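Here is upload30.txt, consisting of compact mmCIF, C-alpha atoms:
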```
# COMPACT_ATOMS: atom_id res chain seq x y z
CA MET D 7 54.75 -52.65 -46.25
CA PRO D 8 51.90 -55.05 -46.92
CA ALA D 9 51.99 -56.85 -50.24
CA ALA D 10 49.29 -56.60 -52.90
CA LYS D 11 48.84 -59.49 -55.31
CA GLY D 12 48.33 -58.86 -58.97
CA GLN D 13 44.79 -60.21 -58.79
CA ASP D 14 43.87 -57.94 -55.88
CA VAL D 15 41.78 -55.63 -58.04
CA GLN D 16 40.58 -53.39 -55.21
CA VAL D 17 44.05 -52.24 -54.27
CA TRP D 18 44.93 -51.37 -57.87
CA LYS D 19 41.61 -49.59 -58.43
CA LYS D 20 41.91 -47.52 -55.28
CA VAL D 21 45.44 -46.29 -56.03
CA PHE D 22 44.55 -45.63 -59.68
CA GLN D 23 41.54 -43.50 -58.80
CA GLU D 24 43.58 -41.45 -56.34
CA LEU D 25 46.25 -40.71 -58.95
CA ILE D 26 43.92 -39.97 -61.88
CA HIS D 27 41.75 -37.63 -59.80
CA GLU D 28 44.79 -35.54 -58.96
CA VAL D 29 45.31 -34.64 -62.63
CA ARG D 30 41.80 -35.02 -64.16
CA PRO D 31 39.26 -34.81 -61.32
CA TRP D 32 36.31 -34.01 -63.64
CA HIS D 33 36.85 -37.10 -65.85
CA GLN D 34 35.70 -40.66 -65.15
CA TRP D 35 38.25 -43.45 -65.57
CA THR D 36 37.94 -47.17 -64.79
CA LEU D 37 40.61 -49.82 -64.30
CA THR D 38 39.96 -53.56 -64.81
CA LEU D 39 42.21 -56.61 -64.91
CA ASP D 40 41.97 -58.62 -68.12
CA ASN D 41 44.09 -61.76 -68.53
CA SER D 42 43.12 -62.05 -72.20
CA LEU D 43 45.05 -58.96 -73.29
CA VAL D 44 47.64 -59.52 -76.02
CA PRO D 45 50.42 -57.02 -76.80
CA ASN D 46 49.94 -55.03 -80.01
CA ASP D 47 46.45 -56.50 -80.50
CA LEU D 48 44.46 -53.30 -80.08
CA GLN D 49 40.88 -52.36 -80.82
CA PRO D 50 40.26 -49.16 -82.81
CA GLY D 51 40.88 -46.09 -80.69
CA TRP D 52 42.92 -47.94 -78.06
CA THR D 53 46.59 -47.36 -77.18
CA GLN D 54 49.09 -49.56 -75.39
CA TYR D 55 51.62 -49.17 -72.62
CA GLN D 56 53.86 -51.93 -71.24
CA GLN D 57 56.14 -51.90 -68.21
CA GLN D 58 58.83 -54.23 -66.89
CA VAL D 59 58.76 -54.22 -63.09
CA PHE D 60 60.00 -55.95 -59.94
CA ALA D 61 57.81 -58.33 -57.94
CA ARG D 62 57.91 -61.42 -55.73
CA PHE D 63 56.28 -64.82 -56.18
CA THR D 64 55.26 -67.66 -53.87
CA CYS D 65 54.70 -71.20 -55.10
CA SER D 66 51.32 -72.53 -53.95
CA TRP D 67 52.68 -76.10 -53.98
CA CYS D 68 56.04 -75.94 -52.18
CA SER D 69 55.79 -72.43 -50.67
CA ARG D 70 59.05 -71.49 -52.34
CA ASN D 71 59.68 -67.75 -52.71
CA TRP D 72 61.54 -66.01 -55.52
CA ALA D 73 61.84 -62.52 -56.97
CA SER D 74 62.03 -61.22 -60.53
CA ALA D 75 62.73 -57.87 -62.14
CA GLN D 76 61.30 -59.01 -65.50
CA VAL D 77 57.59 -59.01 -64.58
CA GLN D 78 55.53 -57.68 -67.49
CA VAL D 79 52.56 -55.34 -66.92
CA LEU D 80 50.49 -54.68 -70.05
CA CYS D 81 47.90 -51.87 -70.26
CA HIS D 82 45.42 -50.96 -73.01
CA MET D 83 43.87 -47.49 -72.75
CA HIS D 84 40.89 -45.82 -74.40
CA TRP D 85 39.60 -42.25 -74.02
CA ASN D 86 36.11 -41.12 -75.06
CA LYS D 87 36.41 -37.37 -75.44
CA ARG D 88 32.71 -36.84 -76.14
CA GLU D 89 31.60 -38.52 -72.91
CA SER D 90 34.74 -37.59 -70.91
CA THR D 91 35.24 -41.20 -69.86
CA GLY D 92 38.24 -43.47 -70.08
CA GLN D 93 39.01 -47.17 -69.68
CA VAL D 94 42.16 -49.05 -68.77
CA LYS D 95 42.54 -52.81 -69.13
CA MET D 96 45.57 -54.28 -67.41
CA ARG D 97 47.23 -57.69 -67.51
CA ILE D 98 50.00 -58.78 -65.15
CA PHE D 99 51.91 -61.79 -66.47
CA ALA D 100 52.61 -64.63 -64.06
CA GLN D 101 55.53 -66.97 -63.39
CA ARG D 102 55.80 -70.51 -62.07
CA CYS D 103 58.16 -72.36 -59.74
CA GLN D 104 61.20 -73.87 -61.40
CA LYS D 105 61.63 -76.50 -58.68
CA CYS D 106 58.24 -78.18 -58.93
CA SER D 107 57.08 -80.49 -61.70
CA GLU D 108 54.31 -78.89 -63.81
CA PRO D 109 53.41 -76.23 -61.22
CA PRO D 110 50.69 -73.63 -61.79
CA PHE D 111 51.44 -70.06 -62.73
CA GLU D 112 51.54 -67.77 -59.71
CA VAL D 113 50.48 -64.12 -59.69
CA PRO D 114 53.15 -61.67 -58.50
CA GLU D 115 53.07 -59.79 -55.22
CA PHE D 116 53.81 -56.06 -55.12
CA THR D 117 54.51 -53.64 -52.32
CA GLU D 118 52.19 -50.64 -52.08
CA GLU D 119 55.09 -48.39 -53.04
CA ASN D 120 55.67 -50.31 -56.27
CA VAL D 121 51.92 -50.40 -57.02
CA SER D 122 51.91 -46.61 -56.73
CA ARG D 123 54.97 -46.32 -59.01
CA ILE D 124 53.49 -48.61 -61.67
CA LEU D 125 50.19 -46.74 -61.74
CA ASN D 126 51.94 -43.39 -61.62
CA ASN D 127 53.77 -44.32 -64.82
CA LEU D 128 50.43 -45.39 -66.30
CA VAL D 129 48.79 -42.04 -65.49
CA PHE D 130 51.63 -40.15 -67.17
CA ARG D 131 51.13 -42.26 -70.32
CA ILE D 132 47.41 -41.51 -70.22
CA LEU D 133 48.13 -37.78 -70.08
CA LYS D 134 50.49 -38.09 -73.04
CA LYS D 135 48.61 -40.50 -75.33
CA CYS D 136 45.01 -39.62 -74.50
CA TYR D 137 45.24 -35.93 -73.62
CA GLY D 138 48.23 -34.95 -75.76
CA GLU D 139 50.20 -33.59 -72.81
CA ARG D 140 53.90 -32.95 -73.41
CA PHE D 141 56.59 -33.67 -70.88
CA LYS D 142 60.29 -32.97 -71.04
CA SER D 143 61.07 -36.39 -69.63
CA MET D 144 58.88 -39.47 -70.00
CA GLU D 145 61.15 -42.03 -68.36
CA ASP D 146 59.39 -44.56 -66.18
CA ILE D 147 59.79 -44.40 -62.43
CA PRO D 148 61.58 -47.67 -61.64
CA THR D 149 60.11 -50.05 -59.10
CA LEU D 150 62.02 -50.64 -55.90
CA LYS D 151 64.02 -53.84 -55.46
CA ASP D 152 64.38 -55.22 -51.96
CA ILE D 153 66.93 -57.85 -53.03
CA SER D 154 69.93 -57.99 -55.33
CA LEU D 155 69.14 -60.22 -58.30
CA LYS D 156 71.77 -62.21 -60.15
CA GLY D 157 71.64 -64.60 -63.07
CA PRO D 158 69.60 -64.68 -66.28
CA HIS D 159 65.86 -64.36 -66.61
CA ASP D 160 64.02 -67.72 -66.20
CA THR D 161 62.37 -67.73 -69.62
CA ASP D 162 61.14 -71.33 -69.28
CA ASN D 163 58.84 -70.40 -66.40
CA CYS D 164 57.78 -66.90 -67.45
CA GLU D 165 54.25 -66.68 -68.85
CA ALA D 166 55.11 -63.69 -71.04
CA CYS D 167 58.20 -65.42 -72.47
CA LEU D 168 56.33 -68.65 -73.20
CA GLN D 169 53.69 -66.68 -75.09
CA GLY D 170 56.31 -64.59 -76.89
CA PHE D 171 55.33 -61.34 -75.17
CA CYS D 172 58.29 -60.73 -72.88
CA ALA D 173 60.17 -57.50 -73.61
CA GLN D 174 63.41 -59.10 -72.39
CA CYS D 175 63.11 -61.81 -75.06
CA GLU D 176 62.59 -59.14 -77.72
CA LEU D 177 65.72 -57.32 -76.58
CA ASP D 178 67.73 -60.53 -76.83
CA LEU D 179 66.48 -61.07 -80.38
CA VAL D 180 67.42 -57.62 -81.65
CA LYS D 181 70.94 -57.66 -80.20
CA PRO D 182 73.41 -57.68 -83.13
CA SER D 183 75.82 -60.59 -83.40
CA PRO D 184 79.47 -59.74 -82.68
CA MET D 185 80.58 -61.05 -86.11
CA SER D 186 78.33 -60.19 -89.03
CA PRO D 187 79.08 -62.15 -92.26
CA SER D 188 77.32 -59.52 -94.39
CA LEU D 189 79.80 -56.75 -93.69
CA PRO D 190 81.75 -55.67 -96.81
CA THR D 191 85.43 -56.58 -97.00
CA ARG D 192 87.95 -53.83 -97.25
CA ARG D 193 91.11 -54.44 -99.24
CA ASP D 194 93.18 -52.51 -96.72
CA SER D 195 92.17 -54.75 -93.80
CA THR D 196 95.02 -55.64 -91.53
CA PRO D 197 95.35 -59.44 -91.14
CA THR D 198 95.62 -60.92 -87.68
CA SER D 199 96.76 -64.52 -87.32
CA GLY D 200 96.43 -65.01 -91.06
CA VAL D 201 92.69 -64.11 -91.13
CA PRO D 202 91.59 -60.78 -92.67
CA ILE D 203 89.30 -58.57 -90.60
CA ASN D 204 86.16 -57.45 -92.39
CA LYS D 205 85.38 -53.83 -91.64
CA PRO D 206 82.80 -51.56 -93.28
CA SER D 207 84.12 -48.43 -94.95
CA LEU D 208 82.65 -45.23 -93.54
CA THR D 209 84.71 -42.80 -95.65
CA ARG D 210 83.32 -40.89 -98.61
CA SER D 211 84.06 -42.70 -101.87
CA SER D 212 85.73 -41.00 -104.84
CA THR D 213 86.30 -42.16 -108.42
CA THR D 214 89.94 -42.85 -109.35
CA VAL D 215 91.74 -43.95 -112.50
CA ASP D 216 94.45 -46.61 -112.52
CA ALA D 217 97.59 -45.04 -114.02
CA THR D 218 98.81 -48.40 -115.43
CA THR D 219 95.62 -49.98 -116.82
CA GLY D 220 93.35 -46.94 -117.19
CA HIS D 221 90.57 -48.67 -115.22
CA THR D 222 88.22 -46.69 -113.04
CA GLY D 223 87.26 -47.68 -109.52
CA VAL D 224 85.95 -46.39 -106.21
CA LYS D 225 88.54 -45.49 -103.64
CA THR D 226 87.70 -46.56 -100.10
CA GLY D 227 90.34 -45.82 -97.52
CA GLY D 228 93.65 -47.01 -99.05
CA GLY D 229 92.35 -49.47 -101.65
CA VAL D 230 90.58 -49.29 -105.01
CA ILE D 231 87.57 -51.49 -105.80
CA ASN D 232 87.30 -52.05 -109.56
CA HIS D 233 83.88 -52.15 -111.23
CA GLY D 234 84.10 -55.42 -113.15
CA PHE D 235 87.53 -54.74 -114.69
CA PRO D 236 90.39 -57.23 -114.32
CA GLU D 237 93.10 -56.28 -111.92
CA PRO D 238 96.72 -55.96 -113.13
CA PRO D 239 98.78 -59.13 -112.53
CA GLN D 240 100.69 -59.26 -109.31
CA ALA D 241 104.46 -59.54 -109.36
CA LYS D 242 105.67 -63.12 -108.70
CA SER D 243 109.45 -62.57 -108.47
CA PRO D 244 111.89 -59.88 -107.35
CA ARG D 245 112.85 -59.29 -110.99
CA ALA D 246 109.23 -58.75 -111.94
CA ASN D 247 108.94 -56.23 -109.16
CA THR D 248 112.05 -54.45 -110.45
CA SER D 249 110.68 -54.25 -113.98
CA CYS D 250 107.33 -52.96 -112.82
CA ARG D 251 109.02 -50.36 -110.72
CA ALA D 252 111.22 -49.26 -113.66
CA GLU D 253 108.15 -48.92 -115.87
CA SER D 254 106.46 -46.71 -113.36
CA ILE D 255 109.37 -44.23 -113.30
CA VAL D 256 108.59 -41.05 -115.23
CA GLU D 257 111.48 -39.10 -116.74
CA VAL D 258 111.42 -35.42 -115.88
CA TYR D 259 113.10 -32.82 -118.07
CA SER D 260 115.61 -30.78 -116.13
CA PRO D 261 116.17 -27.19 -117.26
CA ARG D 262 119.66 -27.29 -115.76
CA ALA D 263 120.60 -30.26 -117.90
CA GLY D 264 119.44 -28.38 -121.01
CA LEU D 265 121.55 -25.40 -120.10
CA ASP D 266 124.59 -27.59 -119.60
CA CYS D 267 124.05 -29.21 -122.99
CA HIS D 268 123.68 -25.89 -124.77
CA SER D 269 126.77 -24.48 -123.07
CA THR D 270 128.82 -27.50 -124.16
CA GLN D 271 127.69 -27.18 -127.76
CA ASN D 272 128.40 -23.44 -127.76
CA GLY D 273 131.87 -24.10 -126.40
CA ARG D 274 132.58 -26.55 -129.17
CA ARG D 275 131.39 -24.06 -131.79
CA CYS D 276 133.55 -21.31 -130.27
CA ASN D 277 136.66 -23.51 -130.36
CA PHE D 278 135.98 -24.38 -134.01
CA LYS D 279 135.70 -20.69 -134.94
CA ILE D 280 138.95 -19.84 -133.15
CA CYS D 281 140.75 -22.55 -135.07
CA CYS D 282 139.38 -21.28 -138.41
CA CYS D 283 140.39 -17.69 -137.63
CA SER D 284 143.93 -18.77 -136.72
CA ILE D 285 144.38 -20.68 -139.99
CA THR D 286 143.04 -17.76 -141.98
CA LEU D 287 145.40 -15.34 -140.23
CA ILE D 288 148.40 -17.58 -140.90
CA LEU D 289 147.49 -17.89 -144.58
CA ILE D 290 147.18 -14.11 -144.87
CA ILE D 291 150.60 -13.63 -143.30
CA VAL D 292 152.13 -16.20 -145.64
CA VAL D 293 150.56 -14.51 -148.64
CA VAL D 294 151.86 -11.10 -147.52
CA VAL D 295 155.38 -12.48 -147.03
CA VAL D 296 155.38 -14.10 -150.47
CA VAL D 297 154.18 -10.88 -152.11
CA VAL D 298 156.91 -8.89 -150.36
CA VAL D 299 159.60 -11.32 -151.46
CA VAL D 300 158.39 -11.30 -155.02
CA VAL D 301 158.37 -7.51 -155.12
CA LYS D 302 161.91 -7.27 -153.79
CA THR D 303 163.28 -9.75 -156.32
CA THR D 304 161.74 -7.95 -159.21
CA ILE D 305 163.28 -4.68 -158.21
```

As structure tokens, what does this structure read like?
Amino acid sequence: MPAAKGQDVQVWKKVFQELIHEVRPWHQWTLTLDNSLVPNDLQPGWTQYQQQVFARFTCSWCSRNWASAQVQVLCHMHWNKRESTGQVKMRIFAQRCQKCSEPPFEVPEFTEENVSRILNNLVFRILKKCYGERFKSMEDIPTLKDISLKGPHDTDNCEACLQGFCAQCELDLVKPSPMSPSLPTRRDSTPTSGVPINKPSLTRSSTTVDATTGHTGVKTGGGVINHGFPEPPQAKSPRANTSCRAESIVEVYSPRAGLDCHSTQNGRRCNFKICCCSITLILIIVVVVVVVVVVKTTI
């Protein structure tokens, strides 16, 4: 397919008019290229749409060719409902050759298929932002790549990156670091190689009371975080551990033990009564014998 350069206004205008007339044939829309557009710098009543597309470049100095999938296309749109007219201002950011010394910025070259895809995405955004149309899916139609690209984006020779407008640069800035020093430390972290791992607690916290000190804290996972209260001293020797463990033992009253104790006491009382009864019986017998003897002697 023949290539269309970014500055070839007629090609872009022709394709845009064909697409917009298919959905709003009774409305007048215009498309112009404006290299002074700045992202997020909008006039009142204007909306913005930005795409990241594939294109090719040719250096005007050394005729070197290269391709990029990080080409930025910025569009500002305005719809005048009273007059039924709309305007689109578009800026296509350029790139320069990385082999030449201080080369000029070159405009990208697009295939007609990719021009149609870029403008098709633009028309869908116009229907949504200017006409309030609702679509189940608003994903952009990706541009076609005729070559497999490898390696990082050349930010040093990208016009959008140098001006701080490249979407790829913004994505790199918002990526979270793998190790965040601000994460809270959990007391139940498992050490690896002598270094504790800091992990945020995602469990619901609950207030607990220390059974030894009476302090209150918030339980997270398996540990307790005290609110400004001193922690109990840690054991420094095996004997200290033994004493602490003995103090934590709670004696439990056993009903069986009580029954055994009562039965023993009752047994002792029973034995004492038997002994007393035996002595009393013997004394009675002795008294009876003495009385009998005395009676017989008197007779």

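A straight line drawn from atom CA of D:Cys68 to atom CA of D:Cys103 is 8.6 Å long.
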
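What separates atom CA of D:Leu125 from atom CA of D:Asn46 is a distance of 20.1 Å.
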
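Pairwise distance (atom CA of D:Leu133, atom CA of D:Ala75) equals 26.1 Å.
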
Would you tabulate, counting only C-alpha atoms, all residues of stretch 75-142 of chain D that have an atom at most 10 Å from an atom of stretch 58-67 of chain D, showing the closest pair of atoms and their distance in Å to one decimal, sorted by chain then ascending number, as a tab-separated table?
```
residue	atom	partner	partner_atom	distance
D:Ala75	CA	D:Phe60	CA	4.0
D:Gln76	CA	D:Gln58	CA	5.6
D:Val77	CA	D:Val59	CA	5.2
D:Gln78	CA	D:Gln58	CA	4.8
D:Val79	CA	D:Gln58	CA	6.4
D:Leu80	CA	D:Gln58	CA	8.9
D:Ala100	CA	D:Phe63	CA	8.7
D:Gln101	CA	D:Phe63	CA	7.6
D:Arg102	CA	D:Cys65	CA	7.1
D:Cys103	CA	D:Cys65	CA	5.9
D:Gln104	CA	D:Cys65	CA	9.4
D:Lys105	CA	D:Cys65	CA	9.4
D:Cys106	CA	D:Trp67	CA	7.7
D:Ser107	CA	D:Trp67	CA	9.9
D:Pro109	CA	D:Trp67	CA	7.3
D:Pro110	CA	D:Ser66	CA	7.9
D:Phe111	CA	D:Cys65	CA	8.4
D:Glu112	CA	D:Cys65	CA	6.6
D:Val113	CA	D:Phe63	CA	6.8
D:Pro114	CA	D:Phe63	CA	5.0
D:Glu115	CA	D:Arg62	CA	5.1
D:Phe116	CA	D:Ala61	CA	5.4
D:Thr117	CA	D:Ala61	CA	8.0
D:Asn120	CA	D:Phe60	CA	8.0
D:Val121	CA	D:Val59	CA	9.9
D:Arg123	CA	D:Val59	CA	9.7
D:Ile124	CA	D:Val59	CA	7.8
```

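Neighbours of D:Trp52 closer than or equal to 10 Å, with only C-alpha atoms counted and sequence neighbours fewer than 3 positions away skipped, come out as D:Asp47, D:Leu48, D:Gln49, D:His82, D:Met83, D:His84, D:Trp85, D:Gln93, D:Val94, D:Lys135, D:Cys136.
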
Residue nearest D:Arg30 among D:Val293, D:Lys151, D:His159, D:Val129 (counting only C-alpha atoms): D:Val129

Which residue of D:Ile98, D:Leu155, D:Val44, D:Val292 approaches D:Gly170 most closely, using all atoms listed in the file: D:Val44

Selection: 6 Å around D:Ala166, all atoms listed in the file, excl. self and same-chain fewer than 4 positions, as a PyMOL selection string: chain D and resi 99+171-172
